[in-house]
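Student: What follows is a structure written as structure tokens; I'll ask about it next.
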Amino acid sequence: MRKIDEYYPAHGRVILHVDMNAFYCSVHEAEEPDKYRGKPTAVAGSVELRKGIIVTCSYAARRLGVSTGMLVNQALKKCPNLIVISPDFNAYRKYSNAFMKIAYDYTPCMEATSIDECYLDISGSKQFGTPLEIATEIQNRVYKELSLPCSIGIAPNKLLAKMASDMKKPNGLTILRIRDVPKILWEKPCVELFGIGDRTADKLRKLNIHTIGQLAVAEDQLLKQSFGVLGLWMKQASNGIDHSPVLEGREQSKSIGHTTTLPEDICVKEDIHRVLLNLSDQVARRLRRQQLVAGGVQITIRTPDMKTITRTHTMNAPTDHTEDIYEQACQLYHEHWNWDKPVRLLGVTLQHLISKENSAIQLDLFNYEQQPKKESLTKAMDLLRNKFGENAVLTAGMLGDDPSVLIRNHKVRGTSLQMDFRDKADDKLS
């Protein structure tokens, strides 16, 4: 009889990182296999205008030179047979919940980090077999039940599990132990270490640290002097050490935001205000659903040459009202951007979130009598929209034909800035 205990460390952990492969395209293939399976596909925002950005693409498309972030026109030149698909975020949420439900069958210690990936701590899951058997079973079930491919990394910590899942795609299973780190990782450039970006890698190169192996033996004082506590973390990580826990359940959101890429540059005041109003409306709706209030508002502006700026303001009192958020977003725009400068993307993000129940909302001295009426009206409007859809109650300023109008549609709006895509009533596969 096998001794399963031998496959689990006595005092350590066993972590899986489940990463769905080309998730959005894979969902479309699962939904319509005859139409998309095995073909070069890509999901992009503005399909009709051919000006959108490729959000993701299938592996068949990648082999033909298509990549994430590429303009649709550019991608079609590289691959004339590319099938460009409009996003269906409602379907993505359904499949996300479905694959995470499968993963949850093997451990309650699961941390969802995005719509298409999660960590599992299976240290206490010996009853299901060895770590490799559990990972294999999860991978097989996800494909059999959902027709989705995924890669899984198996490691003693989250860092190595994440890096392991990236090593073999699609449908990869990779074990990465700490003792394997020198042989497998040390010859790679620093930028390939999870958590190190291009700027940090550039700074490391100026210190004559080019590889993960060189980082692993760098002097503590040099790293601390150049990067602070991040430097010591990087050295630990380059040696395969990571103590961060898998966080069960869902933490309270640290921020709530929406961005929208516009089909053409805009700079007219009415257009800017309409987009900011629609964005403010939806972030406020999500804020109220989570029974939170926001103490800060941030706007994001991206120019046609892809330069991005953000500007933030701390509110005098926390709020969950659309008009307060909209007013502040407009004020930030007016203060920090010139009307003669066109913009391609706008975003509104709420920060400094706290529970509404625990917040002490300061009422305006001059309109405190109207505050209960305002709360009642907002609640009534939310109830109507919950029952009859997001377009049930709109103001004239929200109407238009730009993409900001579409964020009220759960089917086409994105999820990259939110973690509240889970546990919705309509998120079950039929």
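Chain labels run A, B, ... following the order of the structure tokens; each chain numbers its residues from 1, and ligands are numbered from 1 in the order shown.
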Going by DSSP on the backbone, which residues of segment 249-356 of chain A come out as strand (DSSP E)? List them as an MDAnalysis selection string.

Tutor: chainID A and resid 256:266 292:302 308:319 343:355

Student: May I have the residues within 12 Å of Phe227 of chain A as JSON, numbers by chain, using only C-alpha atoms and disregarding those fewer than 2 positions away in the same chain?

Tutor: {"A": [196, 199, 200, 201, 203, 204, 207, 220, 221, 222, 223, 224, 225, 229, 230, 231, 232, 233, 234, 235]}

Student: Which residues are close to segment 120-128 of chain A, i.e. within 12 Å by only C-alpha atoms, leaving aside same-chain residues fewer than 4 positions away? Reply as an NGL selection string.

Tutor: :A and (2-19 or 100-113 or 132-138 or 152-158 or 161-162 or 244-249)

Student: Any chance you can output those residues with N, CA and C atoms as a compact mmCIF listing (two decimals), in the first residue's frame?

Tutor:
```
# COMPACT_ATOMS: atom_id res chain seq x y z
N ARG A 2 0.49 2.23 -0.81
CA ARG A 2 1.29 3.44 -0.90
C ARG A 2 1.26 4.24 0.39
N LYS A 3 2.34 4.91 0.68
CA LYS A 3 2.41 5.80 1.83
C LYS A 3 2.30 7.23 1.32
N ILE A 4 1.07 7.74 1.31
CA ILE A 4 0.81 9.08 0.78
C ILE A 4 1.58 10.14 1.55
N ASP A 5 1.78 9.91 2.86
CA ASP A 5 2.46 10.90 3.69
C ASP A 5 3.84 11.26 3.14
N GLU A 6 4.47 10.32 2.45
CA GLU A 6 5.82 10.56 1.95
C GLU A 6 5.84 11.67 0.89
N TYR A 7 4.69 11.94 0.29
CA TYR A 7 4.63 12.96 -0.76
C TYR A 7 4.33 14.36 -0.20
N TYR A 8 4.12 14.45 1.09
CA TYR A 8 3.80 15.73 1.73
C TYR A 8 4.85 16.04 2.78
N PRO A 9 5.35 17.28 2.81
CA PRO A 9 6.36 17.63 3.81
C PRO A 9 5.76 17.62 5.22
N ALA A 10 6.57 17.25 6.20
CA ALA A 10 6.09 17.18 7.58
C ALA A 10 5.75 18.55 8.13
N HIS A 11 6.51 19.55 7.75
CA HIS A 11 6.30 20.89 8.32
C HIS A 11 6.07 21.97 7.25
N GLY A 12 6.17 21.63 5.98
CA GLY A 12 5.99 22.62 4.94
C GLY A 12 4.60 22.61 4.34
N ARG A 13 4.49 23.21 3.16
CA ARG A 13 3.20 23.31 2.48
C ARG A 13 3.31 22.73 1.07
N VAL A 14 2.16 22.41 0.51
CA VAL A 14 2.07 22.04 -0.91
C VAL A 14 1.06 22.99 -1.54
N ILE A 15 1.52 23.76 -2.52
CA ILE A 15 0.68 24.78 -3.15
C ILE A 15 0.52 24.47 -4.63
N LEU A 16 -0.70 24.61 -5.12
CA LEU A 16 -0.98 24.53 -6.55
C LEU A 16 -1.34 25.91 -7.07
N HIS A 17 -0.87 26.23 -8.26
CA HIS A 17 -1.34 27.43 -8.95
C HIS A 17 -2.03 26.97 -10.23
N VAL A 18 -3.34 27.20 -10.30
CA VAL A 18 -4.14 26.80 -11.47
C VAL A 18 -4.30 28.02 -12.37
N ASP A 19 -3.83 27.91 -13.59
CA ASP A 19 -3.84 29.03 -14.54
C ASP A 19 -4.52 28.57 -15.82
N MET A 100 -13.36 27.18 -10.61
CA MET A 100 -12.96 27.36 -9.21
C MET A 100 -13.77 26.45 -8.29
N LYS A 101 -14.98 26.16 -8.67
CA LYS A 101 -15.78 25.21 -7.89
C LYS A 101 -15.15 23.82 -7.93
N ILE A 102 -14.63 23.43 -9.09
CA ILE A 102 -13.92 22.15 -9.19
C ILE A 102 -12.69 22.16 -8.29
N ALA A 103 -11.92 23.24 -8.35
CA ALA A 103 -10.71 23.33 -7.52
C ALA A 103 -11.05 23.28 -6.03
N TYR A 104 -12.17 23.92 -5.68
CA TYR A 104 -12.58 23.99 -4.28
C TYR A 104 -12.96 22.62 -3.73
N ASP A 105 -13.28 21.68 -4.61
CA ASP A 105 -13.62 20.33 -4.16
C ASP A 105 -12.45 19.64 -3.47
N TYR A 106 -11.23 20.15 -3.69
CA TYR A 106 -10.04 19.46 -3.17
C TYR A 106 -9.44 20.17 -1.95
N THR A 107 -9.86 21.39 -1.68
CA THR A 107 -9.41 22.10 -0.48
C THR A 107 -10.24 23.36 -0.29
N PRO A 108 -10.58 23.69 0.95
CA PRO A 108 -11.28 24.96 1.19
C PRO A 108 -10.31 26.14 1.20
N CYS A 109 -9.01 25.83 1.19
CA CYS A 109 -8.00 26.89 1.25
C CYS A 109 -7.65 27.32 -0.17
N MET A 110 -8.49 28.16 -0.74
CA MET A 110 -8.34 28.61 -2.12
C MET A 110 -8.31 30.13 -2.17
N GLU A 111 -7.42 30.68 -2.97
CA GLU A 111 -7.32 32.12 -3.15
C GLU A 111 -7.44 32.45 -4.64
N ALA A 112 -8.52 33.10 -5.02
CA ALA A 112 -8.70 33.53 -6.41
C ALA A 112 -7.99 34.86 -6.59
N THR A 113 -7.04 34.92 -7.50
CA THR A 113 -6.29 36.16 -7.71
C THR A 113 -6.76 36.92 -8.94
N LEU A 132 0.69 15.44 -7.23
CA LEU A 132 0.62 15.32 -8.68
C LEU A 132 -0.69 14.68 -9.12
N GLU A 133 -1.19 13.73 -8.35
CA GLU A 133 -2.48 13.09 -8.67
C GLU A 133 -3.63 14.10 -8.54
N ILE A 134 -3.58 14.93 -7.50
CA ILE A 134 -4.61 15.95 -7.32
C ILE A 134 -4.59 16.94 -8.47
N ALA A 135 -3.39 17.43 -8.82
CA ALA A 135 -3.27 18.39 -9.92
C ALA A 135 -3.76 17.78 -11.23
N THR A 136 -3.40 16.52 -11.46
CA THR A 136 -3.83 15.84 -12.69
C THR A 136 -5.34 15.70 -12.73
N GLU A 137 -5.94 15.36 -11.60
CA GLU A 137 -7.38 15.18 -11.55
C GLU A 137 -8.11 16.50 -11.78
N ILE A 138 -7.61 17.57 -11.18
CA ILE A 138 -8.22 18.89 -11.40
C ILE A 138 -8.14 19.27 -12.87
N ILE A 152 -0.99 23.81 -14.45
CA ILE A 152 -0.93 23.81 -12.99
C ILE A 152 0.51 23.68 -12.54
N GLY A 153 0.91 24.55 -11.63
CA GLY A 153 2.22 24.47 -11.00
C GLY A 153 2.10 23.88 -9.62
N ILE A 154 3.03 23.01 -9.25
CA ILE A 154 3.04 22.34 -7.95
C ILE A 154 4.34 22.71 -7.26
N ALA A 155 4.25 23.29 -6.06
CA ALA A 155 5.46 23.79 -5.40
C ALA A 155 5.23 23.92 -3.90
N PRO A 156 6.29 24.20 -3.14
CA PRO A 156 6.15 24.37 -1.69
C PRO A 156 5.68 25.77 -1.30
N ASN A 157 5.54 26.70 -2.27
CA ASN A 157 5.06 28.04 -1.94
C ASN A 157 4.40 28.67 -3.17
N LYS A 158 3.73 29.81 -2.96
CA LYS A 158 2.97 30.45 -4.02
C LYS A 158 3.87 30.96 -5.15
N ALA A 161 4.98 28.03 -7.28
CA ALA A 161 3.81 27.45 -7.95
C ALA A 161 3.40 28.30 -9.14
N LYS A 162 3.41 29.62 -8.97
CA LYS A 162 3.08 30.54 -10.06
C LYS A 162 4.08 30.40 -11.21
N SER A 244 4.38 33.77 1.93
CA SER A 244 3.04 34.35 1.88
C SER A 244 1.99 33.24 1.89
N PRO A 245 0.94 33.40 2.70
CA PRO A 245 -0.08 32.35 2.82
C PRO A 245 -1.09 32.40 1.69
N VAL A 246 -1.76 31.30 1.46
CA VAL A 246 -2.93 31.28 0.58
C VAL A 246 -4.09 31.83 1.39
N LEU A 247 -4.67 32.92 0.92
CA LEU A 247 -5.70 33.62 1.69
C LEU A 247 -7.07 33.06 1.34
N GLU A 248 -7.67 32.37 2.28
CA GLU A 248 -8.99 31.78 2.05
C GLU A 248 -10.05 32.87 1.95
N GLY A 249 -11.12 32.54 1.22
CA GLY A 249 -12.27 33.45 1.15
C GLY A 249 -11.94 34.68 0.37
```

Student: In terms of the shortest atom-to-atom distance over only C-alpha atoms, which of A:Leu148, A:Ala216, A:Leu71, A:Leu350 is closest to Gly257 of chain A?

Tutor: A:Leu350

Student: What does the distance between atom CA of Thr319 of chain A and atom CA of Leu332 of chain A come to in Å, to one decimal place?

Tutor: 16.7 Å

Student: As a PyMOL selection string, list the residues of segment 15-186 of chain A assigned to alpha helix (DSSP H) by DSSP on the backbone atoms of this structure.

Tutor: chain A and resi 23-31+33-36+59-62+72-78+89-104+131-146+158-165+181-184

Student: Print the selection's residues with C-alpha atoms to a file, as a compact mmCIF listing (two decimals), in the first residue's frame.

Tutor:
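Written output follows (part02.txt):
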```txt
# COMPACT_ATOMS: atom_id res chain seq x y z
CA PHE A 23 -9.01 31.81 -21.02
CA TYR A 24 -11.32 34.11 -22.98
CA CYS A 25 -10.63 32.37 -26.30
CA SER A 26 -10.93 28.96 -24.63
CA VAL A 27 -14.39 29.89 -23.31
CA HIS A 28 -15.55 30.77 -26.82
CA GLU A 29 -14.14 27.48 -28.10
CA ALA A 30 -16.01 25.60 -25.35
CA GLU A 31 -19.24 27.41 -26.21
CA PRO A 33 -16.34 24.30 -30.73
CA ASP A 34 -17.35 23.83 -34.39
CA LYS A 35 -16.79 27.51 -35.01
CA TYR A 36 -13.59 28.20 -33.07
CA TYR A 59 -2.35 29.41 -29.16
CA ALA A 60 -3.04 28.83 -32.85
CA ALA A 61 -3.00 32.62 -33.32
CA ARG A 62 0.15 33.02 -31.22
CA VAL A 72 -6.59 44.44 -34.32
CA ASN A 73 -5.45 45.85 -37.66
CA GLN A 74 -1.87 44.86 -36.93
CA ALA A 75 -2.94 41.36 -35.91
CA LEU A 76 -4.99 40.89 -39.09
CA LYS A 77 -1.96 41.81 -41.20
CA LYS A 78 0.06 39.09 -39.50
CA PHE A 89 -17.72 38.70 -19.83
CA ASN A 90 -20.88 37.10 -18.53
CA ALA A 91 -19.72 33.80 -20.03
CA TYR A 92 -16.22 34.30 -18.65
CA ARG A 93 -17.60 34.81 -15.14
CA LYS A 94 -19.69 31.63 -15.42
CA TYR A 95 -16.75 29.50 -16.50
CA SER A 96 -14.52 31.13 -13.89
CA ASN A 97 -16.88 30.17 -11.09
CA ALA A 98 -17.22 26.68 -12.58
CA PHE A 99 -13.49 25.89 -12.67
CA MET A 100 -12.96 27.36 -9.21
CA LYS A 101 -15.78 25.21 -7.89
CA ILE A 102 -13.92 22.15 -9.19
CA ALA A 103 -10.71 23.33 -7.52
CA TYR A 104 -12.58 23.99 -4.28
CA PRO A 131 -0.01 16.38 -5.09
CA LEU A 132 0.62 15.32 -8.68
CA GLU A 133 -2.48 13.09 -8.67
CA ILE A 134 -4.61 15.95 -7.32
CA ALA A 135 -3.27 18.39 -9.92
CA THR A 136 -3.83 15.84 -12.69
CA GLU A 137 -7.38 15.18 -11.55
CA ILE A 138 -8.22 18.89 -11.40
CA GLN A 139 -6.77 19.44 -14.87
CA ASN A 140 -8.65 16.47 -16.30
CA ARG A 141 -11.95 17.47 -14.69
CA VAL A 142 -11.69 21.07 -15.91
CA TYR A 143 -11.17 19.82 -19.45
CA LYS A 144 -13.77 17.04 -19.31
CA GLU A 145 -16.51 19.07 -17.60
CA LEU A 146 -15.83 22.50 -19.10
CA LYS A 158 2.97 30.45 -4.02
CA LEU A 159 5.92 32.06 -5.80
CA LEU A 160 7.30 28.81 -7.20
CA ALA A 161 3.81 27.45 -7.95
CA LYS A 162 3.08 30.54 -10.06
CA MET A 163 6.38 30.27 -11.92
CA ALA A 164 5.87 26.53 -12.44
CA SER A 165 2.44 27.00 -14.03
CA VAL A 181 15.71 26.63 -8.32
CA PRO A 182 19.48 26.94 -9.05
CA LYS A 183 19.30 24.55 -11.99
CA ILE A 184 16.01 25.74 -13.50
```

Student: Cys190 of chain A: which residues within 7 Å, counting only C-alpha atoms, same-chain residues fewer than 2 positions away excluded, as a compact mmCIF listing (two decimals) with C-alpha atoms, in the first residue's frame?

Tutor:
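Generated file (result14.txt):
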```txt
# COMPACT_ATOMS: atom_id res chain seq x y z
CA LYS A 188 17.11 33.20 -16.53
CA GLU A 192 11.42 36.43 -15.48
CA LEU A 193 11.21 36.22 -11.68
CA ALA A 201 15.15 44.68 -13.99
CA HIS A 210 21.55 40.33 -14.92
CA THR A 211 20.33 36.87 -13.92
CA ILE A 212 18.22 35.39 -11.14
```

Student: Which residue out of A:Ser67, A:Ser226, A:Thr310, A:Gln328 has the minimum interatomic distance to Leu346 of chain A when only C-alpha atoms are used?

Tutor: A:Thr310

Student: Residues of segment 233-274 of chain A within 9 Å of segment 299-308 of chain A: nearest atom pair and distance (Å, one decimal) for each, counting only C-alpha atoms, sorted by chain and number, as JSON lines?

Tutor:
```
{"residue": "A:Thr259", "atom": "CA", "partner": "A:Thr300", "partner_atom": "CA", "distance": 7.7}
{"residue": "A:Thr261", "atom": "CA", "partner": "A:Arg302", "partner_atom": "CA", "distance": 8.7}
{"residue": "A:Glu264", "atom": "CA", "partner": "A:Pro304", "partner_atom": "CA", "distance": 8.9}
{"residue": "A:Asp265", "atom": "CA", "partner": "A:Pro304", "partner_atom": "CA", "distance": 6.9}
```

Student: Could you write out the selected residues, including C-alpha atoms, as a compact mmCIF listing (two decimals), in the first residue's frame?

Tutor:
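out-v4.txt, freshly written:
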```
# COMPACT_ATOMS: atom_id res chain seq x y z
CA THR A 259 -11.88 51.94 -17.37
CA THR A 261 -11.15 52.47 -24.14
CA GLU A 264 -11.81 57.36 -31.22
CA ASP A 265 -10.06 60.21 -29.44
```

Student: Would you mind reading off the distance between atom CA of His352 of chain A and atom CA of Val293 of chain A, one decimal, in Å?

Tutor: 8.3 Å
